[in-house]
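Remarks on the structure that follows.
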Amino acid sequence: MTALPLPSALDLATTVVDLRTQHAPGLVGVPRSGLRLSWRVESADADAHVLGYQLAQGPEQGEPAVSAPVADPGAVGAAVADDLRAGERRAFAVRVATPAGWTRWSDPLIVEAGRDGADLEADVVGIDTAIDGPVQLLRTEFALDRRPESGRLRLSALGLVDAWINGVRATDAHLTPGWTSYQERILVDTLDVTALLHEGTNVVVLAVADGWYRGSFGFARRTAIYGDRLGALAQVEADGRVVAKTDAAWRGGFGAIRSAGIYDGTVTDLRLHDPAVHEPGFAGDGWVAASVIPVDRARFAPRSAPPVRVVAELPMSVSAHAGRVRLDSGQNVSGWVRVVVRGRAGDTVTVRHAEVLEPSGDLHLTALRSAKATDVYTLDRDGEHSLEPAFTFHGFQYADVEGAEVVSAVAVAISSDLAPRSTFSSSHAALDRFHSNVQWSLRDNFVSVPTDCPQRDERLGWTGDAQAFAATACTLVDSEAFWRSWLTDLAIDQTDAGVPSVVPDIIRPQDIVMQGGPIENMGRAGWADAATIVPFAVYESYGSTEILSQQLDSMRRWVEHLRRRAGDDLVLPPSFQYGDWLDPDAPAERPWEAKVSSDYVANAFYARSARLLAQAERLVGDAARAEEYDRLADDVSTEAFARWGEGAIQTQTGAAIAIEFGIAPEERHAEIAAALAENVRRENGRIATGFLGTPLVLFALSRFGHLDEAYLMVLRREAPSWLYQVDRGATTVWERWDAILPDGSIHSGAMDAAPTEGGPEETGMLSFNHYAYGAMIDWVYRTVAGLAPAEPGYRVVRVAPRPADGLDRAKASIDTPHGRLAIDWTLEGERLEAVLEVPFGCRAELDLPTTADSRVTVDGTEHRGGLGHGTHRIVVTSPVVARPEAIVRA
């Protein structure tokens with residue numbers, strides 16, 4: 001980048017908007033280093049384009065320093081060269097230069113830095129409590145001689161923590177500080193508590209629960225995974241001065257919550273709640289002095305990703321069933337029930353949760369395995385009570401209530417607070433419902449980390465699920481900061497033995513029982529390859545190389561681990577693999593036994609990881625290494641296809657991988673795609689892929705024009721298919737294609753039911769809320785709607801809608817780094833009409849469904865090239881239309 005001459009003119013038609021950082025929007029107390037700014041540009045001038053930019057920064061109330069103009073055509077972001085000081089509030093503004101001159105300065109963005117562990121004065125303190133026992137309360141009082149102009153609470157914990165200041169909850173976040181690889185990284189939240197502080201005596205109360213840190217968790221329900229003592233860290237600052245901090249002067253005791261577990265739920269005795277705990281002068285019978293818990297302060301770091309918050313509240317219907325009160329939200333969610341009951345003092349109210357109902361109408365509880373998913377309350381008085389748990393969450397649509405009269409109920413849905421990034425609707429109601437199901441499965445499973453399910457005794461950050469779904473997640477929600485955080489933990493948990501199957505990694509060898517015994521957790525193909533695939537999915541969707549720079553070492557370590565395992569043989573030796581997990585034709589008790597060879601799959605993903613690493617090296621690493629890793633990818637691909645390819649391409653997953661990963665020689669791709677299409681026609685659209693093949697199979701078909709077959713799969717209603725789930729009433733995506741069988745009975749969830757000593761007691765596997773099979777929604781946006789990034793970050797967009805019989809209208813939008821990209825197309829007879837909205841700074845390349853007889857007009861003029869920003873009306877006569885029903889009739 002070079003200096004840009006200062007133009008004298010002012011471009012009033014163009015404005016800079018939405019200046020932000022790479023961190024979660026609205027976050028207070030961000031990391032001090034590595035700050036990156038981004039912005040968008042809007043213009044009424046169709047010929048405008050960015051030549052460069054200029055930054056201004058300085059104290060919030062002071063005079064900003066203006067940097068030299070930078071020539072950077074099309075720029076929509078810049079790194080901030082100097083770090084922020086701990087607690088600093090710095091104002092930023094940007095303007096851009098166009099051929100017409102400089103724009104006005106953007107509205108200022110105030111960025112407030114957090115505090116690292118070394119910058120905090122507070123200690124971690126707690127009292128002795130039993131695992132799975134009562135939630136501890138910690139409190140202190142402090143005096144202020146006046147109400148401050150600014151108040152901050154720095155909050156973290158070994159465990160989960162809630163905070164109140166003067167009786168008011170200090171945050172709208174839940175499950176604070178969230179789940180990270182606690183052995184090295186614990187997040188610190190910075191909360192603006194200015195409105196909660198007042199002159200005189202102030203009271204801080206903290207509640208601390210086991211959570212992921214110490215509670216019963218994982219298949220084996222181990223406890224104290226990260227440590228055997230709970231504690232909280234809190235620091236209150238008024239106008240920049242520390243006025244209260246956790247130390248040995250705090251006191252601790254117990255309140256109403258007698259136990260709180262993520263799997264089992266919360267037990268609350270309201271008779272033990274004393275509201276005076278929030279008032280000055282509270283003594284507390286049996287309360288004791290808190291003790292300081294030694295901990296390495298380097299583990300504490302400011303939050304960057306969004307916290308978990310309430311994202312929806314759904315009224316629940318109330319009815320009677322088998323002597324209990326039945327609640328139904330109409331939607332499978334992750335969260336809890338807030339129920340208003342009428343009862344008497346001493347009554348015990350029990351709320352049990354489930355995703356689906358048995359054919360008898362009872363709650364289906366078998367799929368929960370050992371998770372109780374039950375909240376219990378003891379009432380403290382006669383009359384109405386509003387009840388909800390703390391420090392837990394359940395996956396449920398239904399709940400049964402016993403012990404009191406139910407007045408009303410609400411399903412409270414929680415998720416990591418990721419803003420929606422896209423919209424989609426079409427003329428096909430079932431496809432729209434499936435799109436909604438995928439959105440809900442994302443919400444329900446993105447709870448601090450990308451989990452596999454929200455209901456049973458699992459809820460782990462499976463890397464295979466994440467890599468399969470990452471591209472779709474990036475399309476659906478603003479997840480860049482979320483993935484950066486999780487990938488940081490992936491690198492922490494990565495060892496010389498490989499990348500773990502779950503991140504954060506809490507699995508021990510005896511915890512995963514397959515093939516009649518325990519298996520090693522590390523380095524499974526398609527799971528561990530999240531180390532390379534997820535960073536690239538984020539880069540392609542958002543356009544910033546920051547994620548590649550952050551993860552480059554992790555990517556290298558993973559590929560080099562594979563190279564060591566392969567040794568002189570070039571390809572990986574046989575070993576247990578999860579393979580194309582849950583292939584619908586695999587035995588229910590052995591879901592890893594897919595049709596496609598696991599050796600082929602393992603080496604195909606090896607080649608894929610090497611290829612992605614080569615691309616990352618070119619972008620942010622070493623060019624010589626890029627050439628080396630490209631050669632490695634070529635060599636592994638050639639050898640893998642020679643050994644296993646001919647058999648693999650007889651399967652849907654094997655063929656899709658051969659094409660999409662470039663494992664087969666390029667000259668054979670069209671032939672393999674044609675054979676794949678023939679397979680789909682022969683099976684009448686029956687999907688025959690598991691977790692690894694499902695994200696790829698539709699792309700492999702449509703890449704070579706086999707849209708009839710792709711739509712035959714997409715629109716199929718019989719099992720196994722995506723829309724079969726919708727027809728069975730699903731509101732989220734299932735783990736198994738046939739979780740509910742055609743006769744209405746529920747799948748057994750069968751796996752090996754003979755655990756090893758020390759392993760889990762129950763190994764059945766059935767979830768009605770898994771997002772992996774929802775990965776096809778990325779294809780829906782790119783092919784049905786026709787919006788795909790032709791260059792990372794959508795700087796160049798491929799506009800390629802593909803109508804079909806039964807799907808003659810689609811409308812979609814994506815909130816790209818440049819602005820809103822949107823399309824609304826309709827097929828009427830022999831005419832396709834589309835309204836396309838292209839954001840400033842983007843170029844749209846048209847790839848329309850035309851024939852030799854088609855005529856294309858854009859804004860009334862014949863056109864077949866690219867389009868700049870603005871709203872355009874496109875008309876195609878005699879378009880190509882996919883005819884999946886013609887295959888069925890044939």
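Residues are named by chain letter and number: chains run A, B, ... in the order of the structure tokens, numbers start at 1 in each chain, and ligands are numbered from 1 in the order shown.
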
Any chance you could tabulate, as a tab-separated table, the residues of region 334-399 of chain A at most 12 Å from region 714-729 of chain A with each one's nearest atom pair and distance in Å to one decimal, using only C-alpha atoms, in chain and rising number order?
```
residue	atom	partner	partner_atom	distance
A:Glu355	CA	A:Gly729	CA	11.6
A:Val356	CA	A:Gly729	CA	9.8
A:Leu357	CA	A:Gly729	CA	11.3
A:Gln397	CA	A:Gly729	CA	11.6
```

Quick one: write out the picked residues with C-alpha atoms as a CSV table (one decimal), in the first residue's frame?
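File produced: part30.csv:
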```csv
chain,number,residue,atom,x,y,z
A,355,GLU,CA,-37.6,-33.3,22.4
A,356,VAL,CA,-40.3,-35.6,21.1
A,357,LEU,CA,-43.2,-37.7,22.4
A,397,GLN,CA,-40.0,-28.9,22.8
```

Write out as a list in words each polymer residue whose atoms come within 12 Å of Arg508 (chain A), counting only C-alpha atoms; drop sequence neighbours fewer than 4 positions from it.
Gly218, Phe219, Ala220, Arg221, Arg222, Ile225, Pro500, Ser501, Val502, Ile512, Val513, Pro518, Ile519, Glu520, Asn521, Met522, Gly758, Gly759 and Pro760 of chain A

Take the residues from that selection and put them in a file with all heavy atoms, as a compact mmCIF listing (two decimals), in the first residue's frame.
```txt
# COMPACT_ATOMS: atom_id res chain seq x y z
N GLY A 218 -19.47 -35.13 30.25
CA GLY A 218 -18.88 -36.09 29.33
C GLY A 218 -19.54 -37.44 29.43
O GLY A 218 -20.38 -37.70 30.30
N PHE A 219 -19.19 -38.34 28.50
CA PHE A 219 -19.81 -39.66 28.46
C PHE A 219 -19.71 -40.38 29.80
O PHE A 219 -20.63 -41.04 30.25
CB PHE A 219 -19.13 -40.54 27.40
CG PHE A 219 -19.16 -39.97 26.02
CD1 PHE A 219 -17.99 -39.80 25.31
CD2 PHE A 219 -20.35 -39.60 25.43
CE1 PHE A 219 -18.01 -39.28 24.03
CE2 PHE A 219 -20.38 -39.08 24.15
CZ PHE A 219 -19.20 -38.92 23.44
N ALA A 220 -18.54 -40.29 30.43
CA ALA A 220 -18.30 -41.02 31.68
C ALA A 220 -18.77 -40.24 32.90
O ALA A 220 -18.59 -40.70 34.01
CB ALA A 220 -16.82 -41.36 31.80
N ARG A 221 -19.35 -39.06 32.68
CA ARG A 221 -19.83 -38.22 33.78
C ARG A 221 -18.72 -37.98 34.80
O ARG A 221 -18.93 -38.02 36.01
CB ARG A 221 -21.05 -38.86 34.44
CG ARG A 221 -22.27 -39.06 33.53
CD ARG A 221 -22.85 -37.75 33.00
NE ARG A 221 -23.32 -36.89 34.07
CZ ARG A 221 -24.59 -36.77 34.44
NH1 ARG A 221 -25.52 -37.49 33.82
NH2 ARG A 221 -24.95 -35.95 35.38
N ARG A 222 -17.52 -37.70 34.29
CA ARG A 222 -16.43 -37.37 35.19
C ARG A 222 -16.66 -35.99 35.80
O ARG A 222 -17.34 -35.14 35.21
CB ARG A 222 -15.09 -37.40 34.45
CG ARG A 222 -14.65 -38.80 34.08
CD ARG A 222 -13.26 -38.82 33.46
NE ARG A 222 -13.21 -38.11 32.19
CZ ARG A 222 -12.57 -36.96 31.99
NH1 ARG A 222 -11.92 -36.38 32.97
NH2 ARG A 222 -12.56 -36.39 30.79
N ILE A 225 -13.09 -31.90 35.99
CA ILE A 225 -12.26 -32.11 34.81
C ILE A 225 -11.13 -31.08 34.75
O ILE A 225 -10.00 -31.40 34.39
CB ILE A 225 -13.14 -32.05 33.54
CG1 ILE A 225 -14.09 -33.25 33.52
CG2 ILE A 225 -12.28 -32.01 32.29
CD1 ILE A 225 -15.12 -33.19 32.41
N PRO A 500 -7.95 -33.23 18.54
CA PRO A 500 -8.96 -34.06 19.22
C PRO A 500 -10.28 -34.08 18.49
O PRO A 500 -10.59 -33.21 17.66
CB PRO A 500 -9.09 -33.40 20.59
CG PRO A 500 -8.65 -31.99 20.38
CD PRO A 500 -7.59 -32.03 19.32
N SER A 501 -11.09 -35.07 18.82
CA SER A 501 -12.41 -35.20 18.22
C SER A 501 -13.40 -34.18 18.77
O SER A 501 -14.40 -33.89 18.12
CB SER A 501 -12.96 -36.61 18.43
OG SER A 501 -12.13 -37.57 17.83
N VAL A 502 -13.13 -33.70 19.98
CA VAL A 502 -13.98 -32.66 20.56
C VAL A 502 -13.10 -31.53 21.08
O VAL A 502 -11.99 -31.75 21.57
CB VAL A 502 -14.87 -33.20 21.71
CG1 VAL A 502 -15.80 -34.29 21.21
CG2 VAL A 502 -14.04 -33.70 22.89
N ILE A 512 -14.82 -43.24 24.71
CA ILE A 512 -15.42 -43.54 23.41
C ILE A 512 -15.27 -45.04 23.16
O ILE A 512 -14.15 -45.54 23.00
CB ILE A 512 -14.76 -42.73 22.28
CG1 ILE A 512 -14.86 -41.22 22.58
CG2 ILE A 512 -15.42 -43.04 20.95
CD1 ILE A 512 -14.24 -40.36 21.51
N VAL A 513 -16.39 -45.73 23.14
CA VAL A 513 -16.38 -47.19 23.01
C VAL A 513 -16.94 -47.57 21.65
O VAL A 513 -18.11 -47.33 21.36
CB VAL A 513 -17.21 -47.84 24.14
CG1 VAL A 513 -17.19 -49.35 24.01
CG2 VAL A 513 -16.68 -47.41 25.50
N PRO A 518 -12.53 -49.31 23.83
CA PRO A 518 -12.26 -47.88 23.76
C PRO A 518 -11.34 -47.55 22.59
O PRO A 518 -10.53 -48.38 22.17
CB PRO A 518 -11.56 -47.59 25.10
CG PRO A 518 -10.95 -48.90 25.49
CD PRO A 518 -11.88 -49.96 24.98
N ILE A 519 -11.48 -46.35 22.04
CA ILE A 519 -10.63 -45.92 20.94
C ILE A 519 -9.97 -44.60 21.30
O ILE A 519 -10.47 -43.84 22.13
CB ILE A 519 -11.42 -45.77 19.63
CG1 ILE A 519 -12.43 -44.63 19.72
CG2 ILE A 519 -12.11 -47.06 19.24
CD1 ILE A 519 -12.96 -44.18 18.41
N GLU A 520 -8.87 -44.32 20.68
CA GLU A 520 -8.16 -43.07 20.89
C GLU A 520 -8.97 -41.92 20.30
O GLU A 520 -9.59 -42.04 19.25
CB GLU A 520 -6.78 -43.14 20.24
CG GLU A 520 -5.97 -41.85 20.33
CD GLU A 520 -5.78 -41.36 21.75
OE1 GLU A 520 -5.38 -42.17 22.62
OE2 GLU A 520 -6.05 -40.18 21.99
N ASN A 521 -8.95 -40.80 20.99
CA ASN A 521 -9.77 -39.65 20.63
C ASN A 521 -9.16 -38.83 19.49
O ASN A 521 -9.88 -38.11 18.80
CB ASN A 521 -9.93 -38.79 21.89
CG ASN A 521 -10.58 -37.45 21.63
OD1 ASN A 521 -11.50 -37.38 20.84
ND2 ASN A 521 -10.10 -36.41 22.27
N MET A 522 -7.88 -38.90 19.27
CA MET A 522 -7.18 -37.95 18.41
C MET A 522 -7.15 -38.36 16.94
O MET A 522 -7.14 -39.55 16.62
CB MET A 522 -5.75 -37.79 18.91
CG MET A 522 -5.62 -37.08 20.23
SD MET A 522 -5.84 -35.30 20.02
CE MET A 522 -5.55 -34.75 21.69
N GLY A 758 -15.46 -48.75 33.27
CA GLY A 758 -15.13 -47.33 33.38
C GLY A 758 -15.71 -46.49 32.27
O GLY A 758 -15.61 -45.27 32.31
N GLY A 759 -16.34 -47.13 31.28
CA GLY A 759 -16.93 -46.38 30.18
C GLY A 759 -18.36 -46.00 30.49
O GLY A 759 -18.87 -46.23 31.58
N PRO A 760 -19.04 -45.38 29.54
CA PRO A 760 -20.41 -44.95 29.76
C PRO A 760 -21.35 -46.13 29.92
O PRO A 760 -21.14 -47.20 29.34
CB PRO A 760 -20.73 -44.14 28.49
CG PRO A 760 -19.81 -44.69 27.46
CD PRO A 760 -18.56 -45.08 28.19
```

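As for CA of Asp145 (chain A) and CA of Ala195 (chain A), they are spaced 15.5 Å apart.
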
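Every protein, DNA or RNA residue with an atom at most 8 Å from Gly178 (chain A), where only C-alpha atoms count and chain neighbours fewer than 2 positions away do not, is listed here: A:Leu160, A:Leu175, A:Thr176, A:Thr180, A:Leu187, A:Pro307, A:Val308, A:Ser448.
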
Atom pair CA of Ser541 (chain A) / CA of Leu787 (chain A): separation (Å)
11.9 Å

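The interatomic distance for the pair CA of Asp743 (chain A) and CA of Tyr771 (chain A) works out to 24.2 Å.
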
Write out as a ChimeraX atom specification each polymer residue whose atoms come within 8 Å of Gly240 (chain A), counting only C-alpha atoms; drop sequence neighbours fewer than 6 positions from it.
/A:87,150-151

If you run DSSP on the backbone, which residues of region 418-499 of chain A are alpha helix (DSSP H), as a PyMOL selection string?
chain A and resi 429-445+463-476+480-493

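Closest approach to Glu791 (chain A) from the set A:Phe282, A:Phe254, A:Tyr542, A:Trp734 is made by A:Tyr542, with distances taken over only C-alpha atoms.
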